[in-house]
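Novice: One file is attached below, coords-v3.txt, containing compact mmCIF, C-alpha atoms.
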# COMPACT_ATOMS: atom_id res chain seq x y z
CA MET K 208 275.73 -22.12 83.74
CA THR K 209 273.67 -20.58 86.53
CA LYS K 210 270.82 -18.16 85.88
CA THR K 211 272.87 -15.30 87.34
CA ARG K 212 275.81 -16.00 85.03
CA GLU K 213 273.46 -16.26 82.08
CA TRP K 214 271.94 -12.89 82.94
CA ILE K 215 275.41 -11.32 83.28
CA LEU K 216 276.52 -12.85 79.97
CA TYR K 217 273.48 -11.75 77.98
CA THR K 218 273.37 -8.31 79.59
CA GLY K 219 277.07 -7.76 78.94
CA CYS K 220 276.74 -8.81 75.31
CA GLY K 221 273.67 -6.62 74.90
CA LEU K 222 275.44 -3.57 76.35
CA LEU K 223 278.41 -4.17 74.04
CA ILE K 224 276.15 -4.45 70.99
CA ALA K 225 274.25 -1.32 72.08
CA ALA K 226 277.46 0.70 72.50
CA LEU K 227 278.96 -0.44 69.19
CA SER K 228 275.77 0.10 67.22
CA PHE K 229 274.92 3.50 68.73
CA ALA K 230 278.45 4.74 68.06
CA LEU K 231 278.19 3.76 64.40
CA PHE K 232 274.67 5.14 63.94
CA TYR K 233 275.53 8.48 65.56
CA ARG K 234 278.73 8.89 63.55
CA THR K 235 277.04 8.19 60.22
CA ALA K 236 274.05 10.39 61.07
CA MET K 237 276.20 13.38 62.02
CA ALA K 238 278.30 12.89 58.87
CA ASP K 239 275.12 12.50 56.78
CA VAL K 240 276.36 9.18 55.41
CA GLY K 241 273.76 6.57 54.52
CA ASP K 242 270.01 6.85 55.03
CA LEU K 243 269.72 7.57 58.74
CA ILE K 244 269.67 11.37 58.93
CA PHE K 245 267.43 11.52 55.85
CA HIS K 246 264.90 9.27 57.58
CA ALA K 247 265.24 11.29 60.78
CA ARG K 248 264.42 14.52 58.93
CA THR K 249 261.48 12.82 57.29
CA ALA K 250 260.31 11.57 60.70
CA ASP K 251 260.51 15.12 62.02
CA SER K 252 258.33 16.29 59.11
CA LEU K 253 255.48 14.17 60.51
CA GLY K 254 254.82 17.09 62.84
CA LEU K 255 253.27 18.85 59.84
CA LEU K 256 250.31 16.46 60.10
CA ARG K 257 249.16 18.49 63.10
CA SER K 258 248.32 21.38 60.78
CA ILE K 259 247.78 19.89 57.30
CA SER K 260 245.83 16.95 55.91
CA VAL K 261 247.36 13.68 54.77
CA GLY K 262 246.59 14.62 51.15
CA GLU K 263 248.41 17.95 51.53
CA TYR K 264 251.34 16.17 53.18
CA ILE K 265 251.65 13.72 50.28
CA SER K 266 251.49 16.50 47.69
CA THR K 267 253.92 18.91 49.41
CA VAL K 268 256.50 16.87 51.35
CA GLU K 269 259.30 15.53 49.16
CA PHE K 270 259.57 12.07 50.73
CA SER K 271 255.93 11.63 51.66
CA HIS K 272 256.02 7.97 50.62
CA ILE K 273 257.04 7.09 54.19
CA LEU K 274 253.36 7.42 55.11
CA GLY K 275 253.04 4.01 53.49
CA TYR K 276 255.27 2.50 56.20
CA PRO K 277 255.47 5.08 59.01
CA ALA K 278 256.13 2.95 62.11
CA TRP K 279 259.90 3.57 62.51
CA HIS K 280 259.38 7.26 61.76
CA PHE K 281 256.72 7.59 64.46
CA VAL K 282 259.07 5.95 67.00
CA CYS K 283 261.85 8.32 65.94
CA LYS K 284 259.48 11.32 66.07
CA VAL K 285 258.54 10.51 69.67
CA MET K 286 262.23 10.44 70.60
CA ILE K 287 262.84 13.72 68.76
CA GLU K 288 260.01 15.37 70.68
CA LEU K 289 261.29 14.07 74.03
CA LEU K 290 264.87 15.16 73.36
CA SER K 291 263.75 18.55 72.05
CA ALA K 292 261.65 19.13 75.15
CA VAL K 293 264.74 18.56 77.31
CA ALA K 294 267.43 20.26 75.19
CA HIS K 295 265.45 23.07 73.48
CA PRO K 296 267.66 23.22 70.34
CA GLU K 297 267.91 26.73 68.90
CA THR K 298 270.51 26.36 66.13
CA GLU K 299 270.57 24.21 63.02
CA GLU K 300 273.56 22.33 64.40
CA ALA K 301 271.70 21.57 67.64
CA VAL K 302 268.66 20.35 65.69
CA GLN K 303 270.94 18.10 63.59
CA GLN K 304 272.38 16.63 66.77
CA ILE K 305 268.92 15.97 68.22
CA LEU K 306 267.89 14.21 65.01
CA ALA K 307 271.09 12.14 65.00
CA ILE K 308 270.69 11.08 68.65
CA ALA K 309 266.97 10.25 68.26
CA ALA K 310 267.53 8.21 65.10
CA SER K 311 270.50 6.38 66.63
CA MET K 312 268.46 5.56 69.73
CA ALA K 313 265.62 4.19 67.59
CA ASN K 314 268.00 2.05 65.52
CA THR K 315 269.81 0.75 68.60
CA PHE K 316 266.47 -0.10 70.22
CA PHE K 317 265.34 -2.25 67.28
CA LEU K 318 268.76 -3.86 66.86
CA LEU K 319 268.73 -4.89 70.52
CA ILE K 320 265.30 -6.48 70.04
CA THR K 321 266.73 -8.46 67.12
CA PHE K 322 269.74 -9.44 69.24
CA GLY K 323 267.44 -10.64 72.03
CA LEU K 324 265.40 -12.69 69.56
CA TYR K 325 268.56 -14.32 68.20
CA ILE K 326 269.46 -15.37 71.74
CA ALA K 327 265.95 -16.71 72.40
CA VAL K 328 265.89 -18.66 69.14
CA PHE K 329 269.36 -20.13 69.59
CA ARG K 330 268.67 -21.05 73.21
CA HIS K 331 265.56 -22.91 72.07
CA PHE K 332 267.12 -24.80 69.15
CA PHE K 333 270.79 -25.19 70.09
CA GLN K 334 271.86 -28.42 71.75
CA GLY K 335 274.72 -29.35 74.05
CA THR K 336 275.91 -28.46 77.52
CA HIS K 337 277.23 -25.05 76.44
CA LYS K 338 274.21 -24.03 74.39
CA ASN K 339 273.55 -20.84 76.38
CA LEU K 340 277.11 -19.62 75.83
CA LEU K 341 276.88 -20.58 72.15
CA ALA K 342 273.55 -18.75 71.89
CA ALA K 343 275.22 -15.51 73.01
CA ALA K 344 278.13 -16.06 70.62
CA GLY K 345 275.77 -16.89 67.74
CA ALA K 346 273.62 -13.82 68.40
CA CYS K 347 276.68 -11.52 68.42
CA ALA K 348 277.95 -13.14 65.23
CA MET K 349 274.62 -12.68 63.43
CA VAL K 350 274.58 -8.96 64.28
CA PHE K 351 277.81 -8.48 62.26
CA ALA K 352 277.67 -11.25 59.61
CA GLY K 353 278.14 -9.99 56.06
CA PRO K 354 278.96 -11.45 52.65
CA LEU K 355 282.30 -13.00 51.81
CA TYR K 356 284.65 -10.67 49.95
CA CYS K 357 286.73 -11.10 46.79
CA LYS K 358 287.83 -7.84 45.19
CA LEU K 359 288.27 -9.50 41.78
CA ILE K 360 284.59 -10.51 41.72
CA ASN K 361 283.11 -7.38 43.24
CA PRO K 362 285.26 -4.31 43.98
CA ALA K 363 282.77 -2.92 46.50
CA TYR K 364 281.92 -4.93 49.60
CA TYR K 365 278.24 -4.08 50.06
CA TRP K 366 277.07 -2.76 46.67
CA GLY K 367 276.42 -5.58 44.25
CA GLN K 368 276.15 -8.12 47.02
CA ASP K 369 273.83 -8.25 49.99
CA SER K 370 274.21 -8.73 53.69
CA VAL K 371 272.60 -10.01 56.86
CA ALA K 372 273.96 -6.96 58.70
CA ILE K 373 272.60 -3.72 57.23
CA TRP K 374 273.82 -0.63 59.06
CA HIS K 375 272.53 2.27 57.00
CA ASN K 376 268.78 1.69 56.61
CA PRO K 377 266.61 2.23 59.71
CA THR K 378 263.39 0.67 58.40
CA TYR K 379 265.29 -2.54 57.62
CA LEU K 380 266.57 -2.65 61.21
CA ALA K 381 263.04 -2.06 62.50
CA VAL K 382 261.40 -4.85 60.49
CA GLU K 383 264.16 -7.41 61.12
CA PRO K 384 262.85 -8.61 64.52
CA LEU K 385 259.34 -8.96 63.06
CA ALA K 386 260.78 -11.06 60.24
CA LEU K 387 262.31 -13.44 62.78
CA LEU K 388 259.08 -13.60 64.80
CA CYS K 389 256.95 -14.33 61.72
CA PHE K 390 259.38 -16.97 60.46
CA PHE K 391 259.63 -18.96 63.68
CA LEU K 392 255.95 -18.65 64.53
CA TYR K 393 255.02 -19.95 61.09
CA LEU K 394 257.62 -22.71 61.41
CA LYS K 395 256.08 -23.77 64.73
CA MET K 396 252.67 -23.87 63.08
CA ALA K 397 253.97 -25.87 60.13
CA GLU K 398 255.63 -28.49 62.34
CA GLU K 399 252.50 -29.10 64.43
CA LYS K 400 249.99 -31.65 63.23
CA ARG K 401 246.93 -29.56 64.11
CA THR K 402 245.94 -26.13 62.78
CA ASP K 403 245.20 -23.59 65.51
CA TRP K 404 243.29 -20.59 64.13
CA ARG K 405 244.57 -18.38 66.97
CA GLN K 406 248.14 -18.93 65.82
CA PHE K 407 247.18 -18.06 62.26
CA VAL K 408 245.54 -14.85 63.52
CA MET K 409 248.70 -14.01 65.46
CA PHE K 410 250.89 -14.74 62.43
CA GLY K 411 248.69 -12.65 60.14
CA THR K 412 248.75 -9.79 62.64
CA LEU K 413 252.55 -9.84 62.95
CA LEU K 414 252.90 -9.94 59.18
CA LEU K 415 250.53 -6.99 58.87
CA ILE K 416 252.47 -5.00 61.50
CA SER K 417 255.73 -5.74 59.69
CA GLY K 418 254.32 -3.96 56.65
CA LEU K 419 253.90 -0.78 58.69
CA PHE K 420 257.65 -0.81 59.36
CA LYS K 421 258.74 -1.87 55.86
CA PRO K 422 256.68 -3.68 53.21
CA SER K 423 259.77 -5.48 51.92
CA PHE K 424 259.34 -8.42 54.30
CA TYR K 425 255.82 -9.43 53.33
CA GLN K 426 256.67 -8.73 49.66
CA MET K 427 259.33 -11.41 49.95
CA PHE K 428 257.68 -13.75 52.47
CA ILE K 429 254.19 -14.16 51.01
CA PRO K 430 255.51 -15.55 47.67
CA ALA K 431 257.88 -17.72 49.75
CA LEU K 432 254.85 -19.09 51.61
CA VAL K 433 253.20 -19.94 48.31
CA ILE K 434 256.25 -21.96 47.25
CA PHE K 435 256.51 -23.59 50.66
CA CYS K 436 252.83 -24.54 50.79
CA VAL K 437 252.90 -26.06 47.30
CA VAL K 438 256.02 -28.12 48.06
CA ASN K 439 254.79 -29.11 51.52
CA THR K 440 251.35 -30.09 50.26
CA LEU K 441 252.78 -32.27 47.49
CA TYR K 442 255.44 -33.79 49.78
CA THR K 443 252.81 -34.75 52.39
CA ARG K 444 250.48 -36.04 49.68
CA TRP K 445 247.85 -33.38 50.36
CA GLU K 446 247.83 -33.83 54.13
CA ALA K 447 249.01 -30.23 54.49
CA PHE K 448 246.33 -28.80 52.17
CA ARG K 449 244.18 -27.50 55.02
CA PHE K 450 247.22 -25.84 56.56
CA SER K 451 248.03 -24.20 53.22
CA LEU K 452 244.46 -22.93 52.92
CA CYS K 453 244.65 -21.38 56.40
CA THR K 454 247.94 -19.76 55.39
CA ALA K 455 246.23 -18.15 52.41
CA PHE K 456 243.55 -16.60 54.63
CA SER K 457 246.13 -15.38 57.17
CA VAL K 458 247.96 -13.20 54.61
CA VAL K 459 244.81 -11.47 53.32
CA PRO K 460 245.14 -8.47 55.71
CA SER K 461 248.70 -7.89 54.49
CA GLY K 462 247.45 -8.05 50.92
CA LEU K 463 244.89 -5.33 51.67
CA LEU K 464 247.61 -3.23 53.31
CA ALA K 465 249.70 -3.67 50.18
CA LEU K 466 246.95 -2.09 48.08
CA VAL K 467 246.85 0.95 50.38
CA GLN K 468 250.62 1.25 50.39
CA MET K 469 250.84 0.94 46.63
CA ASN K 470 248.37 3.81 46.29
CA ILE K 471 250.37 6.03 48.67
CA LEU K 472 253.70 5.14 47.06
CA SER K 473 252.28 5.67 43.57
CA ASP K 474 250.99 9.14 44.49
CA ALA K 475 254.37 10.05 45.99
CA ASP K 476 256.35 8.72 43.01
CA ALA K 477 254.03 10.50 40.57
CA LYS K 478 255.51 13.79 41.80
CA ILE K 479 258.85 12.62 40.37
CA ASP K 480 257.85 10.82 37.19
CA GLU K 481 254.61 9.77 35.56
CA ALA K 482 256.18 6.40 34.74
CA ASN K 483 256.27 5.14 38.30
CA GLY K 484 255.40 1.48 38.02
CA MET K 485 257.27 -1.78 38.35
CA ALA K 486 259.22 -3.37 35.50
CA VAL K 487 261.08 -6.59 34.76
CA GLY K 488 264.73 -6.76 33.77
CA LEU K 489 267.26 -9.51 34.51
CA PHE K 490 269.96 -8.15 36.87
CA LYS K 491 268.84 -4.60 36.11
CA VAL K 492 269.86 -3.46 39.61
CA LEU K 493 272.17 -6.22 40.83
CA GLY K 494 274.09 -6.15 37.56
CA TYR K 495 274.40 -2.36 37.77
CA TYR K 496 276.39 -2.61 41.00
CA SER K 497 278.32 -5.82 40.34
CA PRO K 498 280.17 -6.90 37.16
CA HIS K 499 279.60 -10.53 38.17
CA PRO K 500 276.14 -10.76 39.77
CA LEU K 501 276.01 -14.56 39.98
CA LEU K 502 279.46 -14.87 41.55
CA SER K 503 278.58 -12.05 43.93
CA THR K 504 275.51 -14.06 44.93
CA VAL K 505 277.74 -17.05 45.71
CA LEU K 506 279.83 -14.83 47.99
CA THR K 507 276.66 -13.60 49.68
CA LEU K 508 275.31 -17.12 50.21
CA GLY K 509 278.59 -18.92 50.97
CA PHE K 510 277.56 -20.40 54.32
CA PRO K 511 274.01 -21.42 53.29
CA LEU K 512 275.38 -23.06 50.13
CA VAL K 513 277.79 -25.18 52.20
CA MET K 514 274.95 -26.16 54.52
CA LEU K 515 272.78 -26.95 51.48
CA VAL K 516 275.35 -29.57 50.46
CA ILE K 517 275.61 -30.96 54.00
CA CYS K 518 271.82 -31.17 54.46
CA ARG K 519 270.94 -32.10 50.86
CA LYS K 520 269.27 -35.40 51.78
CA GLU K 521 266.67 -33.86 54.07
CA LEU K 522 265.81 -30.52 52.49
CA LEU K 523 262.19 -31.43 51.77
CA LYS K 524 261.42 -32.90 55.19
CA ASN K 525 263.34 -30.32 57.23
CA LYS K 526 260.72 -27.57 57.36
CA MET K 527 263.08 -24.97 58.80
CA LEU K 528 265.50 -25.29 55.89
CA LEU K 529 262.67 -25.60 53.37
CA LEU K 530 260.93 -22.44 54.57
CA ALA K 531 264.18 -20.46 54.75
CA GLY K 532 265.19 -21.74 51.33
CA CYS K 533 261.85 -20.65 49.84
CA ALA K 534 262.40 -17.20 51.39
CA VAL K 535 265.85 -16.87 49.79
CA LEU K 536 264.53 -18.06 46.43
CA SER K 537 261.70 -15.53 46.56
CA GLY K 538 263.98 -12.71 47.71
CA PHE K 539 266.68 -13.39 45.14
CA LEU K 540 264.27 -13.75 42.19
CA GLN K 541 262.56 -10.47 43.06
CA TYR K 542 265.90 -8.67 43.37
CA ALA K 543 267.27 -10.24 40.18
CA LEU K 544 264.18 -9.63 38.04
CA LEU K 545 262.16 -6.65 39.34
CA TYR K 546 262.84 -2.95 39.64
CA LYS K 547 260.96 0.30 40.13
CA GLU K 548 260.85 2.77 37.28
CA VAL K 549 261.30 5.66 39.73
CA ASN K 550 264.62 5.72 41.60
CA THR K 551 265.51 2.40 39.98
CA TYR K 552 268.94 1.91 41.50
CA ALA K 553 267.82 2.39 45.08
CA GLY K 554 267.29 -1.37 44.92
CA ASP K 555 263.92 -1.51 46.66
CA PHE K 556 263.58 -5.25 45.99
CA GLY K 557 266.95 -5.90 47.58
CA TRP K 558 265.60 -5.34 51.10
CA GLY K 559 263.42 -8.44 50.96
CA TYR K 560 266.43 -10.43 49.77
CA SER K 561 268.49 -9.13 52.73
CA LEU K 562 265.74 -10.17 55.15
CA SER K 563 265.66 -13.62 53.59
CA LEU K 564 269.40 -13.87 54.32
CA VAL K 565 268.66 -13.26 58.00
CA LEU K 566 266.31 -16.26 57.95
CA ILE K 567 268.56 -18.65 56.01
CA PHE K 568 271.70 -17.81 58.01
CA THR K 569 269.81 -18.29 61.29
CA ALA K 570 268.34 -21.60 60.12
CA CYS K 571 271.70 -22.87 58.86
CA LEU K 572 273.50 -21.93 62.08
CA ILE K 573 270.90 -23.95 64.01
CA GLN K 574 271.40 -26.94 61.71
CA LEU K 575 275.17 -26.69 62.09
CA ASN K 576 274.94 -26.76 65.89
CA GLN K 577 272.52 -29.69 65.91
CA ARG K 578 274.73 -31.73 63.58
CA PHE K 579 277.78 -31.13 65.74
CA HIS K 580 275.76 -32.29 68.75
CA ASN K 581 274.44 -35.38 66.93
CA GLY K 582 277.97 -36.58 66.19
CA GLU K 583 277.85 -36.37 62.39
CA ARG K 584 281.04 -36.33 60.32
CA ARG K 585 283.06 -33.39 61.60
CA GLY K 586 284.98 -32.55 58.40
CA PRO K 587 282.10 -30.97 56.43
CA LEU K 588 280.79 -29.31 59.61
CA TYR K 589 284.14 -27.61 60.26
CA VAL K 590 284.06 -26.35 56.67
CA GLY K 591 280.64 -24.84 57.34
CA LEU K 592 281.81 -23.30 60.62
CA THR K 593 284.90 -21.84 58.92
CA VAL K 594 282.85 -20.29 56.14
CA PHE K 595 280.42 -18.79 58.65
CA GLY K 596 283.40 -17.44 60.59
CA LEU K 597 284.62 -15.74 57.41
CA HIS K 598 281.20 -14.12 56.95
CA VAL K 599 281.52 -12.70 60.47
CA PHE K 600 285.17 -11.68 59.95
CA PHE K 601 284.40 -9.69 56.79
CA GLY K 602 281.31 -8.24 58.45
CA LEU K 603 283.45 -6.97 61.33
CA LEU K 604 285.90 -5.42 58.85
CA TYR K 605 282.94 -3.71 57.18
CA TYR K 606 281.75 -2.38 60.55
CA LYS K 607 285.25 -1.00 61.18
CA GLU K 608 285.34 0.65 57.74
CA ILE K 609 282.03 2.41 58.38
CA LEU K 610 282.83 3.48 61.93
CA LEU K 611 286.35 4.75 61.27
CA HIS K 612 286.25 5.82 57.62
CA MET K 613 282.53 6.28 56.79
CA ASN K 614 283.09 3.75 54.00
CA LEU K 615 279.60 2.34 53.39
CA TYR K 616 279.89 1.47 49.71
CA GLY K 617 283.57 1.05 48.89
CA PRO K 618 286.09 -1.80 49.04
CA LEU K 619 287.30 -3.30 52.32
CA TRP K 620 290.92 -2.60 51.38
Could you write out this file's structure as structure tokens?
Specialist:
Amino acid sequence: MTKTREWILYTGCGLLIAALSFALFYRTAMADVGDLIFHARTADSLGLLRSISVGEYISTVEFSHILGYPAWHFVCKVMIELLSAVAHPETEEAVQQILAIAASMANTFFLLITFGLYIAVFRHFFQGTHKNLLAAAGACAMVFAGPLYCKLINPAYYWGQDSVAIWHNPTYLAVEPLALLCFFLYLKMAEEKRTDWRQFVMFGTLLLISGLFKPSFYQMFIPALVIFCVVNTLYTRWEAFRFSLCTAFSVVPSGLLALVQMNILSDADAKIDEANGMAVGLFKVLGYYSPHPLLSTVLTLGFPLVMLVICRKELLKNKMLLLAGCAVLSGFLQYALLYKEVNTYAGDFGWGYSLSLVLIFTACLIQLNQRFHNGERRGPLYVGLTVFGLHVFFGLLYYKEILLHMNLYGPLW
């Protein structure tokens, strides 16, 4: 495939993804379905900081906790200001439309960055003569991939399960590209024999920035790094100890940010309830939304579980699968065991789990392609491809349900 055809292919796919995503975001925002218009209104409230202090903002604004992770809201606020300067909205309906357009533009912008990163990653790791075409197809598939669906196990499609493709939460969409960048940068570092301090600084900086968009990623990924470093150090018979030590230093800035964010979030939650800490309860949230939380988890992880069987002999030496597996383990355990005492069923620990699904699905799709190219037994690989195709099929049905029927949390049929 020539460079011109590649550019046409990727640009065409990007424009299609942009059109489909913007249409869904705008429809849900105008209908006030999901989190988007709520976050847009909160972003607009940041204008109050021109006239009041941060302390006053936290004590008076209802959802002031977003100051703990304000990056998406600042991007949205800039777009609101630009659109307002052009349109000069004078009615409540016009203001609502400006907020909906600005928020949809911000979401589409971050989703396109994620889409571009998928293409870059797949182009780098995929093998074969048609790898560039497959990279575009894989990137489009990952944008829509959702859990498998069985109404007998879980009546709702999204609630009680989890998904690679999240359409209703803007901060998740904003942190997703940073999750991919952090994962593959760290993977590159782990696969190299030498430790380059500049790469660790870059990784630590990206992880810190991710916390300004949504702390859920580093909440999930730092414990995953601990598991990975322990396993990797033992597997290499302590050869990777220095690398693990450098990893520990690289996450210190994110740890300091976590302390600041916890203070802001605690002050904001204290306005609602004095008991605003974190508690432990097995399936407290997941079990609330699904009558069969373990079976729902199997539906969520169908494709990775098939690839786990296919790649079972090399899990410890394949650093990509090991790191992604540690991320899923960390994300799932946090979601299954932890909950916040304020607004418990918002499922705050579920976001890290969803981001871990992005990593494991991406890693498994790469492994599937490489095994097809290496001429391994085709039977199990076709099973894996079929299961992944079902994830995408159900994800597309879910997209259709949201776009046409505003059905974010119900059954697919």
Novice: Would you mind telling me which residue in K:Thr593, K:Glu521, K:Phe428, K:Leu566 lies nearest to Ser537 (chain K) when using all atoms listed in the file?
Specialist: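 Residue with the minimum atom-to-atom distance to Ser537 (chain K): K:Phe428.
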Novice: For Ser271 (chain K), which of K:Ser457, K:Pro511, K:Leu472, K:Leu611 is the closest residue, counting all atoms listed in the file?
Specialist: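 Smallest separation from Ser271 (chain K) among the options: K:Leu472.
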Novice: So, counting all atoms listed in the file, which residue among K:Ile471, K:Thr443, K:Gly323, K:Ile416 is closest to Ile265 (chain K)?
Specialist: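 Nearest to Ile265 (chain K): K:Ile471.
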Novice: Rounded to one decimal in Å, what is the spacing between CA of Ala386 (chain K) and CA of Leu227 (chain K)?
Specialist: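 Rounded to one decimal, the two atoms are 22.9 Å apart.
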Novice: Can you pull out every residue within 8 Å of Phe232 (chain K), counting all atoms listed in the file, but drop anything in the same chain fewer than 4 positions away, and send it as a VMD selection string?
Specialist: chain K and resid 228 236 243 307 310 to 311 314 374 to 375
Novice: Now that the selection is made, can you save its residues with C-alpha atoms as a compact mmCIF listing (two decimals), keeping the file's coordinate frame?
Specialist:
# COMPACT_ATOMS: atom_id res chain seq x y z
CA SER K 228 275.77 0.10 67.22
CA ALA K 236 274.05 10.39 61.07
CA LEU K 243 269.72 7.57 58.74
CA ALA K 307 271.09 12.14 65.00
CA ALA K 310 267.53 8.21 65.10
CA SER K 311 270.50 6.38 66.63
CA ASN K 314 268.00 2.05 65.52
CA TRP K 374 273.82 -0.63 59.06
CA HIS K 375 272.53 2.27 57.00
Novice: In Å to one decimal, how far is CA of Phe317 (chain K) from CA of Gly221 (chain K)?
Specialist: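 That distance, rounded to one decimal, is 12.1 Å.
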Novice: Find the residue from K:Ser370, K:Ser258, K:Ser252, K:Thr412 that sits nearest to Val459 (chain K); use all atoms listed in the file when measuring.
Specialist: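 With all atoms listed in the file as the atom set, the closest residue is K:Thr412.
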Novice: Rounded to one decimal, what separation in Å do you get between CA of Ile517 (chain K) and CA of Phe435 (chain K)?
Specialist: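 CA of Ile517 (chain K) sits 20.7 Å away from CA of Phe435 (chain K).
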Novice: Measuring atom to atom with only C-alpha atoms, identify which of K:Cys357, K:Trp445, K:Leu388, K:Thr454 is nearest to Phe407 (chain K).
Specialist: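 For Phe407 (chain K), the nearest of the given residues is K:Thr454.
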Novice: With distances taken over only C-alpha atoms, which of K:Tyr552, K:Tyr217, K:Phe229, K:Phe448 is nearest to Ile308 (chain K)?
Specialist: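 With only C-alpha atoms as the atom set, the closest residue is K:Phe229.
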Novice: Near Gly418 (chain K), counting all atoms listed in the file, which residues have an atom at most 10 Å away, once you skip same-chain residues fewer than 5 positions from it, shown as a list in words?
Specialist: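 Near Gly418 (chain K), the qualifying residues are Gly275, Tyr276, Pro277, Ala278, Val382, Leu385, Leu413, Ser423, Phe424, Tyr425, Gln426, Ser461, Gly462, Leu464, Ala465 and Gln468 of chain K.
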Novice: Might I get the box with edges along x, y and z of the file that holds all atoms of region 218-235 of chain K listed there, padded by 6 Å on every side, given as centre and edge lengths in Å to one decimal, as lines of an AutoDock Vina configuration file?
Specialist:
center_x = 276.2
center_y = 0.0
center_z = 69.9
size_x = 17.6
size_y = 29.7
size_z = 31.4
